[in-house]
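Enquirer: To be precise about what I am sending: the file is called coords.txt and holds compact mmCIF, C-alpha atoms and all ligand atoms.
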```
# COMPACT_ATOMS: atom_id res chain seq x y z
CA MET A 11 -14.33 13.51 24.34
CA ARG A 12 -17.07 12.62 21.89
CA SER A 13 -20.19 10.85 22.95
CA GLU A 14 -21.36 9.64 19.50
CA GLN A 15 -19.68 7.01 17.32
CA VAL A 16 -16.97 7.99 14.84
CA ARG A 17 -16.19 6.10 11.66
CA ALA A 18 -13.23 6.46 9.27
CA SER A 19 -12.03 4.46 6.31
CA ALA A 20 -8.92 4.01 4.18
CA PRO A 21 -8.47 2.60 0.67
CA GLY A 22 -6.27 -0.20 -0.61
CA LYS A 23 -3.34 0.62 -2.88
CA ILE A 24 -1.41 -0.62 -5.89
CA ILE A 25 2.19 -0.04 -6.81
CA LEU A 26 2.20 0.99 -10.47
CA PHE A 27 5.99 1.04 -10.85
CA GLY A 28 9.08 0.52 -8.72
CA GLU A 29 8.27 -2.01 -5.97
CA HIS A 30 11.32 -3.41 -4.19
CA ALA A 31 13.62 -0.85 -5.85
CA VAL A 32 11.83 1.78 -3.71
CA VAL A 33 13.20 0.09 -0.57
CA TYR A 34 16.70 0.99 -1.89
CA GLY A 35 15.98 4.66 -2.63
CA ARG A 36 14.82 4.36 -6.23
CA PRO A 37 11.59 6.17 -7.22
CA ALA A 38 8.24 4.42 -7.34
CA ILE A 39 4.66 5.24 -8.27
CA ALA A 40 1.58 4.15 -6.34
CA ALA A 41 -2.14 4.91 -6.35
CA PRO A 42 -5.09 4.29 -4.02
CA VAL A 43 -7.69 1.66 -4.90
CA THR A 44 -11.02 2.80 -3.51
CA GLN A 45 -12.94 -0.36 -4.54
CA VAL A 46 -11.52 -2.05 -1.44
CA GLN A 47 -11.58 -0.37 1.97
CA ALA A 48 -10.69 -0.77 5.62
CA THR A 49 -13.15 0.83 8.05
CA ALA A 50 -12.74 1.64 11.74
CA THR A 51 -15.66 2.57 13.99
CA VAL A 52 -15.22 3.88 17.53
CA GLN A 53 -18.29 3.63 19.79
CA PRO A 54 -18.54 5.02 23.29
CA ALA A 55 -18.70 2.47 26.12
CA PRO A 56 -19.98 2.98 29.71
CA PRO A 57 -17.56 4.68 32.13
CA GLY A 58 -15.00 2.17 33.44
CA ALA A 59 -15.60 -0.31 30.59
CA GLY A 60 -12.11 0.29 29.21
CA PHE A 61 -11.01 0.19 25.60
CA THR A 62 -11.79 -2.82 23.43
CA ILE A 63 -10.57 -3.60 19.93
CA ALA A 64 -12.69 -5.96 17.83
CA ALA A 65 -11.53 -7.26 14.46
CA PRO A 66 -14.29 -9.75 13.58
CA ASP A 67 -12.92 -10.42 10.05
CA ILE A 68 -9.86 -12.05 11.63
CA GLY A 69 -11.70 -13.39 14.68
CA GLN A 70 -9.87 -11.11 17.08
CA VAL A 71 -11.33 -9.30 20.09
CA PHE A 72 -9.26 -7.99 22.95
CA SER A 73 -9.55 -5.40 25.64
CA PHE A 74 -6.87 -2.84 25.89
CA ALA A 75 -5.73 -0.21 28.32
CA THR A 76 -2.54 1.74 28.34
CA LYS A 77 -1.13 -0.26 31.24
CA THR A 78 -2.88 -3.64 31.17
CA SER A 79 -3.47 -4.90 27.67
CA THR A 80 -4.56 -8.42 26.77
CA ALA A 81 -3.08 -7.94 23.29
CA ALA A 82 0.35 -9.26 22.34
CA PRO A 83 2.91 -6.46 22.71
CA ASP A 84 3.62 -6.43 18.96
CA ASP A 85 0.00 -6.78 17.84
CA PRO A 86 -0.31 -4.22 15.00
CA LEU A 87 -3.78 -3.01 16.09
CA ALA A 88 -2.72 -2.56 19.72
CA VAL A 89 0.50 -0.83 18.63
CA ALA A 90 -1.49 1.55 16.41
CA VAL A 91 -3.76 2.43 19.35
CA GLN A 92 -0.77 2.97 21.62
CA LEU A 93 0.92 5.21 19.05
CA VAL A 94 -2.16 7.42 18.72
CA LEU A 95 -2.58 7.72 22.52
CA ALA A 96 1.11 8.54 22.98
CA ASP A 97 1.12 11.03 20.11
CA LEU A 98 -1.90 12.85 21.54
CA SER A 99 -0.76 12.37 25.18
CA VAL A 100 -4.12 10.96 26.30
CA GLU A 101 -5.34 7.86 28.15
CA ALA A 102 -7.37 5.17 26.40
CA PRO A 103 -11.06 6.18 26.38
CA ASP A 104 -13.95 3.94 27.46
CA ALA A 105 -14.87 2.83 23.97
CA THR A 106 -15.00 -0.05 21.49
CA LEU A 107 -13.08 0.17 18.23
CA THR A 108 -14.27 -2.18 15.49
CA ILE A 109 -12.15 -2.85 12.40
CA ARG A 110 -13.60 -4.26 9.18
CA SER A 111 -11.81 -4.67 5.88
CA THR A 112 -12.61 -5.81 2.34
CA ILE A 113 -8.90 -5.75 1.41
CA PRO A 114 -7.46 -9.25 1.05
CA ILE A 115 -4.60 -9.85 3.51
CA ALA A 116 -1.03 -10.40 2.16
CA SER A 117 -2.08 -9.74 -1.43
CA GLY A 118 -0.12 -6.57 -2.23
CA LEU A 119 -3.10 -4.23 -1.84
CA GLY A 120 -1.86 -2.60 1.37
CA SER A 121 -4.25 -4.30 3.80
CA GLY A 122 -2.07 -3.73 6.89
CA ALA A 123 -1.43 -0.06 6.14
CA ALA A 124 -5.10 0.57 5.31
CA VAL A 125 -6.35 -1.06 8.53
CA ALA A 126 -3.86 0.98 10.58
CA THR A 127 -4.76 4.19 8.71
CA ALA A 128 -8.50 3.72 9.29
CA LEU A 129 -7.82 2.95 12.97
CA VAL A 130 -5.55 5.99 13.50
CA ARG A 131 -7.99 8.29 11.68
CA ALA A 132 -11.04 7.08 13.61
CA LEU A 133 -9.43 7.04 17.05
CA ALA A 134 -7.82 10.49 16.68
CA ALA A 135 -11.14 11.93 15.45
CA TYR A 136 -13.02 10.22 18.31
CA LEU A 137 -10.61 11.87 20.73
CA GLY A 138 -11.43 15.22 19.11
CA ARG A 139 -7.94 15.57 17.60
CA PRO A 140 -8.16 14.62 13.90
CA LEU A 141 -4.73 14.14 12.33
CA ALA A 142 -3.37 15.41 9.00
CA PRO A 143 -2.22 12.92 6.30
CA ASP A 144 1.50 13.42 7.09
CA GLN A 145 0.88 12.71 10.81
CA ILE A 146 -1.22 9.64 10.02
CA SER A 147 1.39 8.38 7.55
CA ALA A 148 4.19 8.74 10.13
CA LEU A 149 2.25 6.77 12.77
CA VAL A 150 1.22 4.06 10.31
CA TYR A 151 4.84 3.72 9.19
CA GLN A 152 5.67 2.57 12.72
CA VAL A 153 2.97 -0.11 12.46
CA GLU A 154 4.21 -1.09 8.99
CA LYS A 155 7.59 -1.90 10.52
CA LEU A 156 5.89 -4.70 12.47
CA HIS A 157 4.42 -6.14 9.28
CA HIS A 158 7.36 -5.60 6.95
CA GLY A 159 10.58 -5.08 8.86
CA THR A 160 12.09 -2.45 6.57
CA PRO A 161 9.23 -0.81 4.69
CA SER A 162 10.04 1.95 2.22
CA GLY A 163 7.11 4.03 3.49
CA ILE A 164 5.27 4.08 0.14
CA ASP A 165 2.22 2.07 1.34
CA ASN A 166 1.45 4.23 4.38
CA THR A 167 2.04 7.37 2.30
CA VAL A 168 -0.24 6.57 -0.64
CA ILE A 169 -2.98 5.30 1.67
CA ALA A 170 -2.82 8.22 4.11
CA TYR A 171 -2.81 10.81 1.29
CA GLU A 172 -5.34 8.89 -0.83
CA GLN A 173 -3.97 10.07 -4.16
CA PRO A 174 -1.52 8.92 -6.84
CA ILE A 175 2.04 9.64 -5.72
CA TYR A 176 5.59 9.60 -6.97
CA PHE A 177 7.67 8.55 -3.98
CA VAL A 178 11.38 8.39 -3.24
CA ARG A 179 12.59 7.05 0.09
CA LYS A 180 15.35 9.15 1.59
CA PRO A 181 17.99 7.63 3.86
CA ALA A 182 17.70 10.62 6.25
CA LYS A 183 15.30 10.41 9.20
CA ASP A 184 13.50 13.18 11.01
CA PRO A 185 14.12 13.66 14.77
CA ALA A 186 11.31 11.19 15.62
CA GLY A 187 12.97 8.50 13.52
CA PHE A 188 10.53 8.57 10.61
CA PRO A 189 12.05 8.18 7.16
CA VAL A 190 11.85 11.41 5.22
CA GLY A 191 10.46 10.52 1.83
CA LEU A 192 10.11 12.80 -1.16
CA ILE A 193 6.38 12.69 -1.87
CA GLU A 194 4.99 14.33 -4.94
CA ARG A 195 1.42 14.38 -6.02
CA LEU A 196 1.28 12.84 -9.45
CA ILE A 197 -0.63 14.67 -12.17
CA VAL A 198 -2.38 11.99 -14.20
CA GLY A 199 -2.64 13.46 -17.72
CA ALA A 200 -5.17 10.88 -18.94
CA PRO A 201 -7.15 8.40 -16.83
CA LEU A 202 -5.45 5.01 -16.47
CA ILE A 203 -7.85 2.08 -16.72
CA LEU A 204 -6.43 -0.86 -14.81
CA VAL A 205 -7.60 -4.39 -14.20
CA ILE A 206 -6.30 -5.84 -10.94
CA GLY A 207 -6.20 -9.62 -10.54
CA ASP A 208 -5.37 -11.61 -7.43
CA THR A 209 -3.44 -14.85 -7.97
CA GLY A 210 -4.93 -16.13 -4.70
CA LEU A 211 -1.41 -17.05 -3.58
CA PRO A 212 0.08 -15.30 -0.54
CA SER A 213 2.53 -12.45 -0.95
CA PRO A 214 4.39 -12.24 2.38
CA THR A 215 6.05 -8.85 1.99
CA LYS A 216 8.47 -9.21 4.89
CA GLN A 217 9.93 -12.50 3.60
CA ILE A 218 10.16 -11.33 -0.01
CA VAL A 219 11.83 -8.05 0.93
CA ALA A 220 14.30 -10.12 3.02
CA GLN A 221 14.88 -12.42 0.03
CA VAL A 222 15.80 -9.41 -2.15
CA ARG A 223 18.13 -8.20 0.60
CA ARG A 224 19.95 -11.57 0.59
CA THR A 225 20.14 -11.52 -3.22
CA ARG A 226 21.70 -8.06 -3.01
CA GLU A 227 24.20 -9.16 -0.36
CA ARG A 228 25.32 -12.06 -2.59
CA ASP A 229 25.79 -9.98 -5.74
CA PRO A 230 25.43 -6.25 -5.04
CA ALA A 231 26.59 -5.04 -8.47
CA ARG A 232 24.14 -7.21 -10.40
CA CYS A 233 21.23 -6.51 -8.04
CA ASP A 234 21.87 -2.76 -7.96
CA ALA A 235 21.94 -2.69 -11.76
CA ARG A 236 18.43 -4.21 -11.79
CA LEU A 237 17.23 -1.77 -9.11
CA ASP A 238 18.66 1.14 -11.15
CA GLN A 239 16.83 -0.09 -14.24
CA ILE A 240 13.57 -0.35 -12.29
CA GLY A 241 14.14 3.20 -11.01
CA ASP A 242 14.72 4.42 -14.59
CA VAL A 243 11.46 2.76 -15.69
CA ALA A 244 9.61 4.58 -12.86
CA VAL A 245 11.07 7.94 -13.96
CA SER A 246 10.01 7.32 -17.59
CA ALA A 247 6.59 6.18 -16.38
CA ARG A 248 6.14 9.35 -14.38
CA HIS A 249 6.72 11.46 -17.50
CA ALA A 250 4.32 9.29 -19.53
CA ILE A 251 1.63 9.45 -16.82
CA GLU A 252 1.92 13.23 -16.55
CA ALA A 253 1.81 13.60 -20.34
CA GLY A 254 -1.24 11.33 -20.60
CA ASP A 255 0.83 9.04 -22.86
CA VAL A 256 -0.93 5.77 -22.08
CA ASP A 257 0.64 3.95 -25.08
CA THR A 258 4.14 4.35 -23.63
CA LEU A 259 3.07 3.08 -20.21
CA GLY A 260 2.13 -0.42 -21.37
CA PRO A 261 5.65 -1.39 -22.54
CA LEU A 262 7.10 0.23 -19.40
CA MET A 263 4.91 -2.06 -17.26
CA ASP A 264 6.12 -5.07 -19.27
CA GLU A 265 9.73 -3.95 -18.76
CA ASN A 266 9.17 -3.49 -15.03
CA HIS A 267 7.68 -6.99 -14.79
CA ALA A 268 10.65 -8.51 -16.67
CA LEU A 269 13.06 -6.82 -14.24
CA LEU A 270 11.07 -8.12 -11.26
CA ILE A 271 11.35 -11.65 -12.72
CA GLU A 272 15.14 -11.16 -12.89
CA LEU A 273 15.07 -9.96 -9.29
CA GLY A 274 13.47 -13.32 -8.40
CA VAL A 275 10.18 -12.02 -6.97
CA SER A 276 7.70 -13.25 -9.58
CA SER A 277 6.25 -16.78 -9.84
CA PRO A 278 4.83 -19.06 -12.55
CA LYS A 279 1.28 -18.16 -11.50
CA LEU A 280 1.94 -14.41 -11.61
CA ASN A 281 3.65 -14.75 -15.00
CA ALA A 282 0.73 -16.81 -16.35
CA VAL A 283 -1.86 -14.23 -15.26
CA VAL A 284 0.26 -11.34 -16.59
CA GLU A 285 0.65 -13.13 -19.94
CA ALA A 286 -3.09 -13.93 -20.13
CA ALA A 287 -3.87 -10.23 -19.64
CA ARG A 288 -1.53 -9.25 -22.48
CA ILE A 289 -2.99 -11.84 -24.86
CA ALA A 290 -6.51 -10.63 -24.01
CA GLY A 291 -5.62 -7.09 -25.09
CA ALA A 292 -3.90 -5.35 -22.16
CA ILE A 293 -1.24 -2.94 -23.46
CA GLY A 294 0.99 -3.82 -20.51
CA ALA A 295 0.90 -5.87 -17.32
CA LYS A 296 3.04 -6.56 -14.28
CA LEU A 297 2.95 -7.93 -10.77
CA SER A 298 2.12 -5.31 -8.13
CA GLY A 299 3.46 -5.30 -4.58
CA ALA A 300 5.99 -7.70 -3.14
CA GLY A 301 5.36 -10.57 -5.59
CA HIS A 302 5.50 -14.41 -5.38
CA GLY A 303 1.68 -14.28 -5.31
CA GLY A 304 -0.72 -11.47 -4.54
CA ASN A 305 -1.96 -9.11 -7.21
CA MET A 306 -1.01 -8.16 -10.74
CA ILE A 307 -2.19 -5.15 -12.72
CA ALA A 308 -3.01 -4.82 -16.42
CA LEU A 309 -3.41 -1.55 -18.33
CA VAL A 310 -6.09 -1.29 -20.99
CA GLN A 311 -6.56 1.40 -23.60
CA ARG A 312 -10.37 1.74 -23.36
CA GLN A 313 -13.01 0.73 -20.84
CA LYS A 314 -14.53 -1.72 -23.35
CA ASP A 315 -11.20 -3.65 -23.51
CA ALA A 316 -11.40 -4.34 -19.78
CA ALA A 317 -14.13 -7.00 -20.08
CA ASP A 318 -11.90 -9.32 -22.20
CA VAL A 319 -9.00 -8.92 -19.78
CA ILE A 320 -11.22 -9.56 -16.75
CA GLU A 321 -12.52 -12.75 -18.36
CA ALA A 322 -9.01 -13.93 -19.30
CA LEU A 323 -7.76 -13.33 -15.76
CA LYS A 324 -10.66 -15.29 -14.26
CA GLU A 325 -10.04 -18.16 -16.72
CA THR A 326 -6.39 -18.23 -15.61
CA GLY A 327 -7.54 -18.62 -12.01
CA ALA A 328 -7.37 -15.01 -10.76
CA LYS A 329 -9.68 -14.12 -7.89
CA ASN A 330 -11.23 -10.82 -6.79
CA VAL A 331 -10.73 -9.15 -10.18
CA ILE A 332 -11.25 -5.39 -9.88
CA CYS A 333 -11.36 -2.70 -12.55
CA THR A 334 -10.22 0.72 -11.38
CA THR A 335 -9.45 4.08 -12.97
CA ILE A 336 -6.50 6.10 -11.75
CA GLN A 337 -6.81 9.86 -12.08
CA SER A 338 -5.57 12.99 -10.34
CA THR A 339 -7.38 13.85 -7.15
CA LEU A 340 -7.31 16.79 -4.81
CA PRO A 341 -6.12 17.92 -2.30
CA GLN A 342 -2.45 18.58 -2.95
CA VAL A 343 0.28 16.53 -1.31
CA GLN A 344 2.84 18.54 0.63
CA LYS A 345 6.37 18.30 -0.75
C1 LIG A 401 5.11 -3.41 -0.92
O1 LIG A 401 3.82 -2.87 -1.19
C2 LIG A 401 6.14 -2.75 -1.75
C3 LIG A 401 7.58 -3.20 -1.49
O2 LIG A 401 8.38 -2.35 -2.32
C4 LIG A 401 7.98 -3.05 -0.04
C5 LIG A 401 8.09 -1.59 0.41
O3 LIG A 401 8.15 -0.67 -0.41
O4 LIG A 401 8.16 -1.40 1.62
C6 LIG A 401 7.81 -4.62 -1.93
```
Since I need it in another form, could you write the structure as structure tokens?
Ligand code: MEV
Expert:
Amino acid sequence: MRSEQVRASAPGKIILFGEHAVVYGRPAIAAPVTQVQATATVQPAPPGAGFTIAAPDIGQVFSFATKTSTAAPDDPLAVAVQLVLADLSVEAPDATLTIRSTIPIASGLGSGAAVATALVRALAAYLGRPLAPDQISALVYQVEKLHHGTPSGIDNTVIAYEQPIYFVRKPAKDPAGFPVGLIERLIVGAPLILVIGDTGLPSPTKQIVAQVRRTRERDPARCDARLDQIGDVAVSARHAIEAGDVDTLGPLMDENHALLIELGVSSPKLNAVVEAARIAGAIGAKLSGAGHGGNMIALVQRQKDAADVIEALKETGAKNVICTTIQSTLPQVQK
């Protein structure tokens, strides 16, 4: 058991291609966004003090012990703690775990998965048993199920591995019940300069994923055709990203956005912000994440083009506009 405090963080994420279709086994591409972060700090408490979780950003503080917890049984933070303790077969330590996050909630930037990842990382390290990315991802997937119902696993994967990934959900599960996804580290042939704009409207992933499920139940052939097309776009995008062919990626983003409109997950506000980015010089733009509200992303050719796009997004009412560059990072993802 450690006596000094331990701190760990986790980035936000964007889906570059393939959201929603990834839930149905089509490929998707995602990347971490390090400009926003969740941070977890574990500090030792006096013997007998018990384990306390504090999440001041959401006004939540509760004490927790393996047997008597004041947290709701499905509280994602308490569940994440329980999963770590069960995985490591240890009792809750006398300590305080504080969660902070600069990632807007329900905006498509992976806030829930990042908070859980930072928590799992910090607590496991505090207990002297740091976990590898695949172990962290598997635990966070269990927490994601509380947020999202039927998550594909892409959010927990990209955030736990902290690098651009090409991801395909597999229907098979490992003996512990985790979905076995094909995860490949994505080689980014040329840096991708992206402007990320938040519509300020909520993007409730669970409800929107359920909406797509109902759409699919009503007209499976039509919906599956759209999902196949989105999957094909993701495959083409992967080749373009690896080849450093930024010019091809713009139109692929536009195509992906058009297919998401047909799937019924965009909104007038998202479409307006996406269109404003294109007019201001983005070579492609699309919603990112579950849709309805939340974030959109716009690809620009050069860093100097980003300023015009940022201004156009703000004029259209976007909040928290971020400019980020996606490039290959080490270490390697296991296949
Ligand atoms: C959410 O970031 C992406 C969705 O495809 C849901 C999922 O993959 O679980 C909408």
Enquirer: Pick out the residues no farther than 10 Å from ligand LIG 401 (chain A), counting only C-alpha atoms and all ligand atoms, and list them as number ranges by chain.
Expert: A: 23-25, 27-35, 38, 40, 116-121, 123, 151, 154-155, 157-166, 177, 179, 213-220, 222, 275, 298-301
Enquirer: Please tell me which residues are no farther than 6 Å from (-0.5, 5.0, 7.9) in the file, counting only C-alpha atoms, and write them as a list of chain:residue names.
Expert: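 Every polymer residue passing the test: A:Ala123, A:Ala126, A:Thr127, A:Ile146, A:Ser147, A:Leu149, A:Val150, A:Tyr151, A:Asn166, A:Ala170.
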Enquirer: Between A:Val205, A:Ala235, A:Gly260, A:Asp229, which one has atoms that come closest to Asp318 (chain A), using all atoms listed in the file?
Expert: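 Going through A:Val205, A:Ala235, A:Gly260, A:Asp229 one by one, the smallest distance to Asp318 (chain A) is for A:Val205.
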Enquirer: Between A:Pro86, A:Pro278, A:Pro143, A:Pro66, which one has atoms that come closest to Ile109 (chain A), using all atoms listed in the file?
Expert: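 Using all atoms listed in the file, the shortest distance to Ile109 (chain A) belongs to A:Pro66.
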Enquirer: Return the single residue from A:Ala316, A:Ala250, A:Ile113, A:Leu137 that is closest to Gln45 (chain A), with distances computed using only C-alpha atoms.
Expert: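 For Gln45 (chain A), the nearest of the given residues is A:Ile113.
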Enquirer: Fewer than 4 positions away in the same chain doesn't count, so skip those; otherwise give me all residues within 9 Å of region 327-335 of chain A, counting all atoms listed in the file, as a ChimeraX atom specification.
Expert: /A:43-45,114,201-210,279,283,305,316,320,322-323
Enquirer: List as a PyMOL selection string: which residues have an atom within 7 Å of (-18.9, 8.1, 16.7), counting all atoms listed in the file?
Expert: chain A and resi 13-17+51-53+136
Enquirer: Could you turn the residues from that selection into a file that holds C-alpha atoms, as a compact mmCIF listing (two decimals), in the coordinates of the input?
Expert:
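Here's the written file again.txt:
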```txt
# COMPACT_ATOMS: atom_id res chain seq x y z
CA SER A 13 -20.19 10.85 22.95
CA GLU A 14 -21.36 9.64 19.50
CA GLN A 15 -19.68 7.01 17.32
CA VAL A 16 -16.97 7.99 14.84
CA ARG A 17 -16.19 6.10 11.66
CA THR A 51 -15.66 2.57 13.99
CA VAL A 52 -15.22 3.88 17.53
CA GLN A 53 -18.29 3.63 19.79
CA TYR A 136 -13.02 10.22 18.31
```
Enquirer: Would you please work out which residue, of A:Pro57, A:Gly22, A:Pro261, A:Pro140, is nearest to Gly294 (chain A) when using only C-alpha atoms?
Expert: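 Counting only C-alpha atoms, the residue closest to Gly294 (chain A) is A:Pro261.
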Enquirer: Please determine, counting only C-alpha atoms, which residue among A:Gln311, A:Gln221, A:Gln70, A:Thr112 has the shortest atom-to-atom distance to Asp255 (chain A).
Expert: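 Residue with the minimum atom-to-atom distance to Asp255 (chain A): A:Gln311.
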Enquirer: Which residue gives the smallest distance to Ala55 (chain A) among A:Val198, A:Leu107, A:Ile240, A:Ala132, with only C-alpha atoms counted?
Expert: A:Leu107
Enquirer: Between CA of Gly58 (chain A) and CA of Val100 (chain A), what is the distance, to one decimal in Å?
Expert: 15.7 Å
Enquirer: With a distance cut-off of 9 Å and all atoms listed in the file, select the neighbouring residues of Ala244 (chain A), excluding the residue or stretch itself and same-chain residues fewer than 4 positions from it, and output the selection as number ranges by chain.
Expert: A: 26-28, 36-39, 176, 239-240, 248-249, 262, 266
Enquirer: Please measure the separation of CA of Gln313 (chain A) and CA of Val245 (chain A), giving the value in Å to one decimal.
Expert: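 Atom-to-atom, CA of Gln313 (chain A) to CA of Val245 (chain A), that is 26.1 Å.
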Enquirer: Mind giving me the straight-line distance from CA of Glu227 (chain A) to CA of Ile271 (chain A) in Å, one decimal?
Expert: 18.0 Å
Enquirer: Only C-alpha atoms needed: put region 164-230 of chain A from the block into a file as a PDB file, in the first residue's frame.
Expert:
```pdb
ATOM      1  CA  ILE A 164     -14.450   2.051 -29.081  1.00  0.00           C
ATOM      2  CA  ASP A 165     -14.491   4.864 -26.466  1.00  0.00           C
ATOM      3  CA  ASN A 166     -12.882   2.857 -23.652  1.00  0.00           C
ATOM      4  CA  THR A 167     -10.356   1.415 -26.123  1.00  0.00           C
ATOM      5  CA  VAL A 168      -9.125   4.665 -27.677  1.00  0.00           C
ATOM      6  CA  ILE A 169      -8.963   6.374 -24.280  1.00  0.00           C
ATOM      7  CA  ALA A 170      -7.181   3.513 -22.489  1.00  0.00           C
ATOM      8  CA  TYR A 171      -4.622   3.100 -25.304  1.00  0.00           C
ATOM      9  CA  GLU A 172      -4.285   6.866 -25.890  1.00  0.00           C
ATOM     10  CA  GLN A 173      -3.531   6.579 -29.595  1.00  0.00           C
ATOM     11  CA  PRO A 174      -5.382   6.678 -32.923  1.00  0.00           C
ATOM     12  CA  ILE A 175      -7.088   3.336 -33.548  1.00  0.00           C
ATOM     13  CA  TYR A 176      -8.951   1.425 -36.198  1.00  0.00           C
ATOM     14  CA  PHE A 177     -11.549  -0.595 -34.307  1.00  0.00           C
ATOM     15  CA  VAL A 178     -13.971  -3.358 -35.236  1.00  0.00           C
ATOM     16  CA  ARG A 179     -16.343  -4.748 -32.638  1.00  0.00           C
ATOM     17  CA  LYS A 180     -16.557  -8.516 -32.723  1.00  0.00           C
ATOM     18  CA  PRO A 181     -19.709 -10.356 -31.668  1.00  0.00           C
ATOM     19  CA  ALA A 182     -17.613 -12.915 -29.742  1.00  0.00           C
ATOM     20  CA  LYS A 183     -16.923 -12.346 -26.039  1.00  0.00           C
ATOM     21  CA  ASP A 184     -14.009 -13.507 -23.948  1.00  0.00           C
ATOM     22  CA  PRO A 185     -14.686 -15.762 -20.908  1.00  0.00           C
ATOM     23  CA  ALA A 186     -15.155 -12.696 -18.651  1.00  0.00           C
ATOM     24  CA  GLY A 187     -17.874 -11.370 -20.952  1.00  0.00           C
ATOM     25  CA  PHE A 188     -15.861  -8.544 -22.502  1.00  0.00           C
ATOM     26  CA  PRO A 189     -16.425  -7.937 -26.202  1.00  0.00           C
ATOM     27  CA  VAL A 190     -13.392  -8.949 -28.214  1.00  0.00           C
ATOM     28  CA  GLY A 191     -12.670  -6.071 -30.543  1.00  0.00           C
ATOM     29  CA  LEU A 192     -10.114  -5.974 -33.320  1.00  0.00           C
ATOM     30  CA  ILE A 193      -7.900  -3.059 -32.325  1.00  0.00           C
ATOM     31  CA  GLU A 194      -5.232  -1.827 -34.649  1.00  0.00           C
ATOM     32  CA  ARG A 195      -2.917   1.047 -34.069  1.00  0.00           C
ATOM     33  CA  LEU A 196      -3.422   3.467 -36.909  1.00  0.00           C
ATOM     34  CA  ILE A 197      -0.365   4.788 -38.717  1.00  0.00           C
ATOM     35  CA  VAL A 198      -1.102   8.434 -39.476  1.00  0.00           C
ATOM     36  CA  GLY A 199       0.860   9.165 -42.680  1.00  0.00           C
ATOM     37  CA  ALA A 200       0.510  12.953 -42.378  1.00  0.00           C
ATOM     38  CA  PRO A 201      -0.691  14.946 -39.352  1.00  0.00           C
ATOM     39  CA  LEU A 202      -4.434  15.655 -39.391  1.00  0.00           C
ATOM     40  CA  ILE A 203      -5.313  19.168 -38.248  1.00  0.00           C
ATOM     41  CA  LEU A 204      -8.824  19.172 -36.828  1.00  0.00           C
ATOM     42  CA  VAL A 205     -11.046  21.848 -35.384  1.00  0.00           C
ATOM     43  CA  ILE A 206     -13.549  20.492 -32.865  1.00  0.00           C
ATOM     44  CA  GLY A 207     -16.670  22.523 -32.134  1.00  0.00           C
ATOM     45  CA  ASP A 208     -19.300  21.875 -29.488  1.00  0.00           C
ATOM     46  CA  THR A 209     -22.903  22.708 -30.444  1.00  0.00           C
ATOM     47  CA  GLY A 210     -23.643  23.160 -26.736  1.00  0.00           C
ATOM     48  CA  LEU A 211     -26.625  20.833 -27.160  1.00  0.00           C
ATOM     49  CA  PRO A 212     -26.657  17.522 -25.278  1.00  0.00           C
ATOM     50  CA  SER A 213     -25.748  14.294 -27.025  1.00  0.00           C
ATOM     51  CA  PRO A 214     -27.283  11.527 -24.879  1.00  0.00           C
ATOM     52  CA  THR A 215     -25.485   8.506 -26.328  1.00  0.00           C
ATOM     53  CA  LYS A 216     -27.709   5.869 -24.742  1.00  0.00           C
ATOM     54  CA  GLN A 217     -30.930   7.373 -26.155  1.00  0.00           C
ATOM     55  CA  ILE A 218     -29.476   7.993 -29.618  1.00  0.00           C
ATOM     56  CA  VAL A 219     -28.013   4.487 -29.867  1.00  0.00           C
ATOM     57  CA  ALA A 220     -31.473   3.174 -28.839  1.00  0.00           C
ATOM     58  CA  GLN A 221     -33.094   5.372 -31.511  1.00  0.00           C
ATOM     59  CA  VAL A 222     -30.845   3.826 -34.192  1.00  0.00           C
ATOM     60  CA  ARG A 223     -31.744   0.374 -32.879  1.00  0.00           C
ATOM     61  CA  ARG A 224     -35.470   1.141 -33.298  1.00  0.00           C
ATOM     62  CA  THR A 225     -34.847   2.539 -36.795  1.00  0.00           C
ATOM     63  CA  ARG A 226     -33.048  -0.688 -37.668  1.00  0.00           C
ATOM     64  CA  GLU A 227     -35.857  -2.839 -36.260  1.00  0.00           C
ATOM     65  CA  ARG A 228     -38.400  -0.956 -38.413  1.00  0.00           C
ATOM     66  CA  ASP A 229     -36.452  -1.237 -41.663  1.00  0.00           C
ATOM     67  CA  PRO A 230     -33.411  -3.515 -41.301  1.00  0.00           C
TER      68      PRO A 230
END
```
